[in-house]
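Listing of my_file12.txt, compact mmCIF, C-alpha atoms
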```txt
# COMPACT_ATOMS: atom_id res chain seq x y z
CA MET A 24 292.56 -12.54 157.03
CA SER A 25 289.70 -13.01 159.49
CA GLU A 26 290.10 -11.73 163.06
CA LEU A 27 291.62 -14.14 165.55
CA LEU A 28 289.87 -14.54 168.88
CA THR A 29 291.60 -14.74 172.27
CA THR A 30 291.19 -17.56 174.75
CA LYS A 31 288.89 -15.42 176.89
CA GLN A 32 286.67 -14.63 173.91
CA LEU A 33 286.56 -18.32 173.08
CA GLN A 34 285.58 -19.20 176.65
CA LYS A 35 282.75 -16.66 176.55
CA LEU A 36 281.39 -17.91 173.21
CA LEU A 37 281.57 -21.62 174.08
CA LYS A 38 280.70 -21.12 177.76
CA ILE A 39 283.64 -23.20 178.94
CA ASP A 40 286.56 -22.60 181.31
CA ARG A 41 290.24 -22.22 180.44
CA ILE A 42 291.11 -25.77 181.52
CA THR A 43 288.55 -27.15 179.06
CA VAL A 44 290.05 -25.04 176.28
CA TYR A 45 293.50 -26.55 176.87
CA ARG A 46 292.04 -30.04 177.16
CA MET A 47 290.29 -29.59 173.79
CA LEU A 48 293.54 -28.35 172.25
CA ASN A 49 295.43 -31.36 173.59
CA ASP A 50 292.98 -33.99 172.36
CA GLY A 51 292.48 -32.38 168.95
CA ARG A 52 288.88 -31.27 169.34
CA LEU A 53 289.99 -27.65 168.97
CA LYS A 54 292.57 -26.11 166.64
CA GLY A 55 294.33 -22.83 167.36
CA VAL A 56 297.39 -20.79 166.46
CA LYS A 57 299.98 -19.88 169.06
CA ILE A 58 301.30 -16.32 168.77
CA GLY A 59 304.08 -15.85 171.29
CA ASN A 60 302.72 -17.35 174.51
CA GLN A 61 299.07 -16.76 173.64
CA TRP A 62 296.60 -18.97 171.79
CA ARG A 63 294.43 -17.45 169.06
CA PHE A 64 291.41 -19.02 167.33
CA SER A 65 289.85 -18.32 163.94
CA GLN A 66 286.16 -17.53 163.56
CA ASN A 67 285.77 -20.54 161.24
CA GLU A 68 287.01 -22.82 164.02
CA ILE A 69 284.56 -21.25 166.47
CA ASP A 70 281.71 -21.71 164.00
CA ARG A 71 282.68 -25.36 163.57
CA ILE A 72 282.63 -26.03 167.31
CA LEU A 73 279.33 -24.19 167.77
CA GLY A 74 277.83 -26.12 164.87
CA GLU A 75 278.84 -29.42 166.43
CA LYS A 76 277.27 -28.37 169.74
CA ARG A 77 274.02 -27.36 168.02
CA ASN A 78 273.91 -30.65 166.10
CA LYS A 79 274.49 -32.61 169.33
CA VAL A 80 271.71 -30.77 171.14
CA ALA A 81 269.36 -31.19 168.18
CA GLN A 82 270.10 -34.92 168.03
CA GLU A 83 269.48 -35.31 171.77
CA LEU A 84 266.15 -33.50 171.43
CA ASN A 85 265.24 -35.63 168.44
CA ASP A 86 266.13 -38.87 170.24
CA GLU A 87 263.99 -37.82 173.20
CA ALA A 88 261.06 -36.91 170.92
CA LEU A 89 261.27 -40.28 169.15
CA SER A 90 261.49 -42.29 172.38
CA ASP A 91 257.78 -43.12 172.13
CA PHE A 92 257.49 -43.00 168.33
CA PRO A 93 254.38 -45.06 167.31
CA SER A 94 256.29 -47.41 165.03
CA SER A 95 253.48 -49.98 164.69
CA CYS A 96 250.98 -47.33 163.59
CA VAL A 97 253.42 -45.78 161.13
CA GLN A 98 254.27 -49.26 159.88
CA ASN A 99 250.61 -49.80 158.92
CA VAL A 100 250.44 -46.50 157.02
CA GLN A 101 253.75 -47.28 155.33
CA GLU A 102 252.51 -50.72 154.22
CA ILE A 103 249.30 -49.32 152.71
CA PHE A 104 251.23 -46.63 150.83
CA ALA A 105 253.91 -49.00 149.50
CA GLY A 106 251.35 -51.68 148.61
CA ILE A 107 249.17 -49.34 146.56
CA ILE A 108 252.03 -47.86 144.55
CA GLY A 109 253.97 -51.14 144.37
CA ILE A 110 257.32 -50.00 145.77
CA GLY A 111 259.36 -50.52 148.92
CA ALA A 112 259.35 -48.17 151.92
CA ILE A 113 260.97 -47.63 155.29
CA THR A 114 260.88 -44.89 157.95
CA VAL A 115 264.22 -43.83 159.42
CA THR A 116 265.51 -41.22 161.87
CA LEU A 117 267.31 -38.09 160.69
CA ASN A 118 270.52 -40.11 161.02
CA GLY A 119 269.16 -43.01 158.99
CA GLU A 120 268.44 -45.45 161.82
CA PRO A 121 265.34 -47.61 161.05
CA LEU A 122 262.15 -46.77 162.95
CA THR A 123 260.07 -49.33 161.05
CA GLN A 124 260.67 -52.59 159.25
CA PRO A 125 261.20 -52.39 155.47
CA THR A 126 257.86 -52.75 153.65
CA HIS A 127 257.36 -54.61 150.35
CA CYS A 128 261.04 -55.39 150.19
CA GLY A 129 261.73 -56.95 146.79
CA ASN A 130 263.65 -60.20 146.31
CA PHE A 131 266.72 -58.29 145.16
CA CYS A 132 266.95 -56.28 148.39
CA LYS A 133 266.03 -59.31 150.51
CA LEU A 134 268.88 -61.24 148.92
CA ILE A 135 271.42 -58.51 149.62
CA GLN A 136 270.14 -57.98 153.17
CA SER A 137 270.41 -61.73 153.85
CA THR A 138 274.17 -61.27 154.35
CA PRO A 139 275.74 -59.23 157.18
CA SER A 140 277.79 -57.10 154.78
CA GLY A 141 274.77 -56.50 152.54
CA LEU A 142 272.59 -55.45 155.45
CA MET A 143 275.29 -53.07 156.66
CA ALA A 144 275.58 -51.60 153.15
CA CYS A 145 271.81 -51.04 153.00
CA GLN A 146 271.79 -49.38 156.43
CA ALA A 147 274.67 -47.15 155.35
CA SER A 148 272.64 -46.17 152.27
CA TRP A 149 269.63 -45.25 154.43
CA ARG A 150 271.93 -43.00 156.46
CA LYS A 151 273.35 -41.45 153.30
CA ILE A 152 269.86 -40.77 151.94
CA ALA A 153 268.73 -39.30 155.28
CA LEU A 154 271.82 -37.10 155.66
CA HIS A 155 271.85 -35.78 152.09
CA ALA A 156 272.18 -32.04 152.66
CA THR A 157 271.65 -30.39 149.27
CA GLY A 158 267.99 -29.50 149.05
CA GLU A 159 265.35 -32.07 148.18
CA PRO A 160 266.55 -34.17 145.19
CA PRO A 161 263.81 -35.92 143.18
CA PHE A 162 265.49 -39.32 143.61
CA GLN A 163 268.61 -40.71 145.24
CA VAL A 164 270.55 -43.87 144.41
CA CYS A 165 271.55 -46.51 146.95
CA HIS A 166 274.74 -48.58 147.06
CA ALA A 167 273.10 -51.26 144.88
CA GLY A 168 271.97 -48.83 142.17
CA LEU A 169 268.25 -48.61 143.07
CA CYS A 170 266.42 -45.30 143.26
CA TYR A 171 264.67 -43.81 146.30
CA LYS A 172 262.54 -40.80 147.18
CA ARG A 173 262.59 -39.30 150.69
CA SER A 174 260.18 -36.96 152.49
CA ILE A 175 260.57 -35.37 155.91
CA ILE A 176 258.26 -36.29 158.80
CA ASN A 177 257.73 -33.55 161.38
CA LEU A 178 256.60 -33.84 164.98
CA GLU A 179 253.60 -31.94 166.38
CA ASN A 180 255.75 -28.81 166.85
CA ASP A 181 256.95 -28.99 163.23
CA GLN A 182 260.35 -30.20 164.41
CA PRO A 183 261.90 -32.53 161.78
CA ALA A 184 262.10 -36.00 163.28
CA ALA A 185 262.32 -38.69 160.61
CA TRP A 186 262.34 -39.52 156.90
CA LEU A 187 259.90 -41.63 154.92
CA VAL A 188 262.02 -43.36 152.27
CA ALA A 189 260.25 -44.94 149.28
CA GLY A 190 262.10 -46.82 146.59
CA GLN A 191 263.54 -50.05 145.20
CA PHE A 192 263.01 -49.11 141.55
CA TYR A 193 264.79 -47.73 138.50
CA ILE A 194 263.84 -44.49 136.75
CA SER A 195 265.36 -45.44 133.38
CA PRO A 196 266.30 -48.66 131.54
CA LEU A 197 269.79 -49.90 132.37
CA ASP A 198 272.67 -50.65 130.06
CA ARG A 199 272.90 -54.47 130.07
CA GLU A 200 276.70 -54.56 130.11
CA LYS A 201 277.00 -52.04 132.94
CA GLU A 202 274.25 -53.79 134.91
CA ALA A 203 276.01 -57.16 134.59
CA GLU A 204 279.24 -55.58 135.84
CA ARG A 205 277.44 -53.95 138.76
CA LEU A 206 275.67 -57.17 139.74
CA GLU A 207 278.89 -59.14 139.54
CA GLY A 208 280.55 -56.64 141.85
CA LEU A 209 277.67 -56.88 144.35
CA ALA A 210 277.72 -60.69 144.21
CA ASN A 211 281.44 -60.81 144.92
CA LYS A 212 281.32 -58.16 147.64
CA HIS A 213 278.49 -59.82 149.59
CA ASN A 214 279.28 -63.45 148.73
CA LEU A 215 276.02 -64.04 146.83
CA PRO A 216 275.28 -66.32 143.88
CA TYR A 217 275.43 -64.16 140.75
CA SER A 218 272.64 -66.10 139.03
CA GLN A 219 270.22 -65.53 141.92
CA LEU A 220 271.10 -61.84 142.12
CA LYS A 221 270.64 -61.43 138.37
CA GLU A 222 267.25 -63.17 138.48
CA ALA A 223 266.09 -60.98 141.35
CA ALA A 224 267.36 -57.83 139.61
CA SER A 225 265.29 -58.63 136.53
CA LYS A 226 262.14 -58.13 138.66
CA ILE A 227 263.06 -54.59 139.78
CA PRO A 228 260.50 -52.25 138.19
CA VAL A 229 261.48 -49.43 135.84
CA LEU A 230 259.03 -46.63 136.58
CA THR A 231 257.44 -44.67 133.78
CA ARG A 232 257.42 -40.88 133.97
CA ALA A 233 253.81 -41.00 135.23
CA GLN A 234 254.75 -43.51 137.94
CA GLN A 235 257.73 -41.37 138.99
CA GLU A 236 255.46 -38.36 139.32
CA LEU A 237 253.10 -40.47 141.43
CA VAL A 238 255.94 -41.40 143.80
CA GLN A 239 257.07 -37.76 144.01
CA GLU A 240 253.50 -36.61 144.70
CA TRP A 241 252.45 -39.21 147.25
CA THR A 242 255.61 -39.71 149.31
CA PRO A 243 255.35 -36.21 150.89
CA LYS A 244 251.56 -36.65 151.24
CA VAL A 245 252.05 -39.85 153.23
CA ALA A 246 254.76 -38.16 155.32
CA ALA A 247 252.24 -35.38 156.04
CA THR A 248 249.66 -38.02 157.04
CA ILE A 249 252.13 -39.51 159.52
CA HIS A 250 252.72 -35.98 160.83
CA SER A 251 248.96 -35.63 161.42
CA ILE A 252 248.91 -38.94 163.29
CA LEU A 253 251.77 -37.76 165.51
CA CYS A 254 249.93 -34.47 166.22
CA GLU A 255 246.67 -36.24 167.09
CA ARG A 256 248.53 -38.73 169.25
CA ALA A 257 250.34 -35.94 171.11
CA ASP A 258 247.03 -34.13 171.67
CA LEU A 259 245.44 -37.32 173.01
CA MET A 260 248.36 -37.96 175.35
CA ASN A 261 248.12 -34.36 176.65
CA ARG A 262 244.40 -34.81 177.32
CA LEU A 263 244.99 -38.07 179.16
CA GLN A 264 247.69 -36.38 181.21
CA ARG A 265 245.30 -33.58 182.18
CA ILE A 266 242.62 -36.12 183.12
CA ALA A 267 245.15 -37.95 185.29
CA GLU A 268 246.15 -34.69 186.98
CA ILE A 269 242.50 -33.76 187.64
CA SER A 270 241.76 -37.21 189.08
CA MET A 271 244.62 -36.71 191.53
CA VAL A 272 243.38 -33.27 192.59
CA ARG A 273 239.74 -34.25 193.27
CA PRO A 274 240.48 -36.74 196.09
CA THR A 275 242.68 -34.10 197.70
CA LEU A 276 239.86 -31.54 197.56
CA SER A 277 237.36 -34.00 198.99
CA LYS A 278 239.56 -34.41 202.08
CA GLN A 279 239.53 -30.67 202.87
CA PRO A 280 237.81 -29.94 206.25
CA ASP A 281 234.45 -28.22 206.22
CA SER A 282 234.59 -24.50 206.88
```
Final structure tokens representation of the file:
Amino acid sequence: MSELLTTKQLQKLLKIDRITVYRMLNDGRLKGVKIGNQWRFSQNEIDRILGEKRNKVAQELNDEALSDFPSSCVQNVQEIFAGIIGIGAITVTLNGEPLTQPTHCGNFCKLIQSTPSGLMACQASWRKIALHATGEPPFQVCHAGLCYKRSIINLENDQPAAWLVAGQFYISPLDREKEAERLEGLANKHNLPYSQLKEAASKIPVLTRAQQELVQEWTPKVAATIHSILCERADLMNRLQRIAEISMVRPTLSKQPDS
């Protein structure tokens, strides 16, 4: 059995006072074991709390870094990339929140996103793709059965900030019976005409092995290009800031009395 920590040890690790410890116990944010009149806490519970604090800090830093994210510029790069390869694309935060508008969105996805429930399902899928934690899978599948490839976008300090998500395709031919059942379920769930959904689904491309390799090769390259744009933009903003600071200093110097 792992060693149990005392309340004082917990306070030191979490940098909180005793009152906060009891408040966290009362509202369920913290779990402990009472031995006699003393509370004890497992190392796993401490690790969980510390992990949540780190994730919160990281998210706050990421939100601050993305506050002036050049969405329009990234949108243009995204559109060129998706247009050349012939797939859809979107850029989302690490939590799956859209930073750009979907590019080259096919009729199938447009139809689903035309309903509130369909749009919510697509947004939930973007979050699921962004938050997928097990390595870097070649392709992921959305709620509607379409395949996607994601690649990380870093800021100028190599801090992960966003995902480029490219998709709206299949990687293998579908079983007709299973596809009809899936489409019927989507039509019923999102209150869509089955015939329209089926017609739109028939236009979803099935990528060859060579096309799949192209997507896997170029999605990270485009993400790296966006990274370069962010670095150059940050450098330019720093230079402009220094110019502004110098321009404020010079008038001050000119007002100094002659010696």
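One distance worth recording is that between atom CA of A:Arg52 and atom CA of A:Val115, which is 29.4 Å.
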(request) Compute the distance from (272.6, -38.4, 152.4) to each atom, counting only C-alpha atoms, keep the residues with any atom at most 12 Å away, and return them as a VMD selection string; use the coordinates of the file. (result) chain A and resid 117 to 119 146 to 160 162 to 166 171 to 173 186 188
Listed atoms of stretch 127-144 of chain A boxed axis-aligned with 4 Å per side, centre + edges as AutoDock Vina command-line options:
```
--center_x 267.6 --center_y -56.7 --center_z 151.2 --size_x 28.4 --size_y 18.1 --size_z 20.0
```
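Around A:Gly55, within 8 Å and counting only C-alpha atoms, the residues found are Leu48, Trp62, Arg63, Phe64 and Ser65 of chain A, once anything fewer than 3 positions away on its own chain is removed.
The shell of residues at most 12 Å from A:Glu240, with only C-alpha atoms counted and near chain neighbours (fewer than 5 positions) removed, consists of A:Phe104, A:Ile108, A:Pro161, A:Lys172, A:Arg173, A:Ser174, A:Ala189, A:Ala233, A:Gln234, A:Gln235, A:Val245, A:Ala246, A:Ala247.
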(message) Ranking A:Lys54, A:Lys133, A:Lys244, A:His127 by minimum distance to A:Ala112 and counting all atoms listed in the file, which one comes first?
(response) A:His127
(request) Have a look at A:Leu215, A:Ile58, A:Ile110, A:Ile69 and name the one nearest to A:Thr138; count only C-alpha atoms. (result) A:Leu215
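Take atom CA of A:Tyr193 and atom CA of A:Ile103: the distance between them is 21.1 Å.
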(request) Work out how far atom CA of A:Leu122 is from atom CA of A:Phe92, in Å to one decimal. (result) 8.1 Å
(request) Go through A:Gln182, A:Asn130, A:Thr123, A:Gln191 one by one, measure the shortest atom-to-atom distance of each to A:Lys221 using all atoms listed in the file, and give the residue with the smallest value. (result) A:Asn130
(request) May I have the protein, DNA and RNA residues with an atom at most 12 Å from (254.5, -47.7, 161.6), counting all atoms listed in the file in the file's coordinates, returned as a ChimeraX atom specification? (result) /A:91-104,112-115,121-126,185,187,245-246,248-250,252-253
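Proximity of A:Phe131, A:Lys212, A:Ile72, A:Ile269 to A:Met143, computed with all atoms listed in the file, is greatest for A:Lys212.
Proximity to stretch 35-39 of chain A at 9 Å, evaluated using all atoms listed in the file and with sequence-adjacent residues fewer than 3 positions away removed, yields Thr30, Lys31, Gln32, Ile42, Thr43, Val44, Ile69, Ile72 and Leu73 of chain A.
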(message) So that I can see what lies close to A:Ile227, please list as number ranges by chain the residues with an atom at most 6 Å from it, counting only C-alpha atoms and leaving out residues fewer than 2 positions away in the same chain.
(response) A: 192, 224-225
List every residue of stretch 113-220 of chain A that has an atom at most 12 Å from any atom of stretch 255-268 of chain A, giving for each one its closest atom pair and the distance in Å to one decimal, counting only C-alpha atoms, sorted by chain and then by ascending residue number, as JSON lines.
```
{"residue": "A:Leu178", "atom": "CA", "partner": "A:Ala257", "partner_atom": "CA", "distance": 9.0}
{"residue": "A:Glu179", "atom": "CA", "partner": "A:Ala257", "partner_atom": "CA", "distance": 7.0}
{"residue": "A:Asn180", "atom": "CA", "partner": "A:Ala257", "partner_atom": "CA", "distance": 9.9}
```
Contacts of stretch 134-137 of chain A at 10 Å (only C-alpha atoms; same-chain gap of 3+ positions) as a tab-separated table (two decimals) with C-alpha atoms, keeping the file's coordinate frame:
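Heads up, here's the output in around30.tsv:
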```tsv
chain	number	residue	atom	x	y	z
A	128	CYS	CA	261.04	-55.39	150.19
A	129	GLY	CA	261.73	-56.95	146.79
A	130	ASN	CA	263.65	-60.20	146.31
A	131	PHE	CA	266.72	-58.29	145.16
A	140	SER	CA	277.79	-57.10	154.78
A	141	GLY	CA	274.77	-56.50	152.54
A	142	LEU	CA	272.59	-55.45	155.45
A	143	MET	CA	275.29	-53.07	156.66
A	144	ALA	CA	275.58	-51.60	153.15
A	145	CYS	CA	271.81	-51.04	153.00
A	146	GLN	CA	271.79	-49.38	156.43
A	167	ALA	CA	273.10	-51.26	144.88
A	209	LEU	CA	277.67	-56.88	144.35
A	210	ALA	CA	277.72	-60.69	144.21
A	213	HIS	CA	278.49	-59.82	149.59
A	214	ASN	CA	279.28	-63.45	148.73
A	215	LEU	CA	276.02	-64.04	146.83
A	216	PRO	CA	275.28	-66.32	143.88
A	219	GLN	CA	270.22	-65.53	141.92
A	220	LEU	CA	271.10	-61.84	142.12
A	223	ALA	CA	266.09	-60.98	141.35
```
(message) Could you check the closest approach to A:Glu120 for each of A:Ala184, A:Gly190, A:Glu202, A:Leu27 and tell me which residue wins, using all atoms listed in the file?
(response)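 Closest to A:Glu120 of all the choices is A:Ala184.
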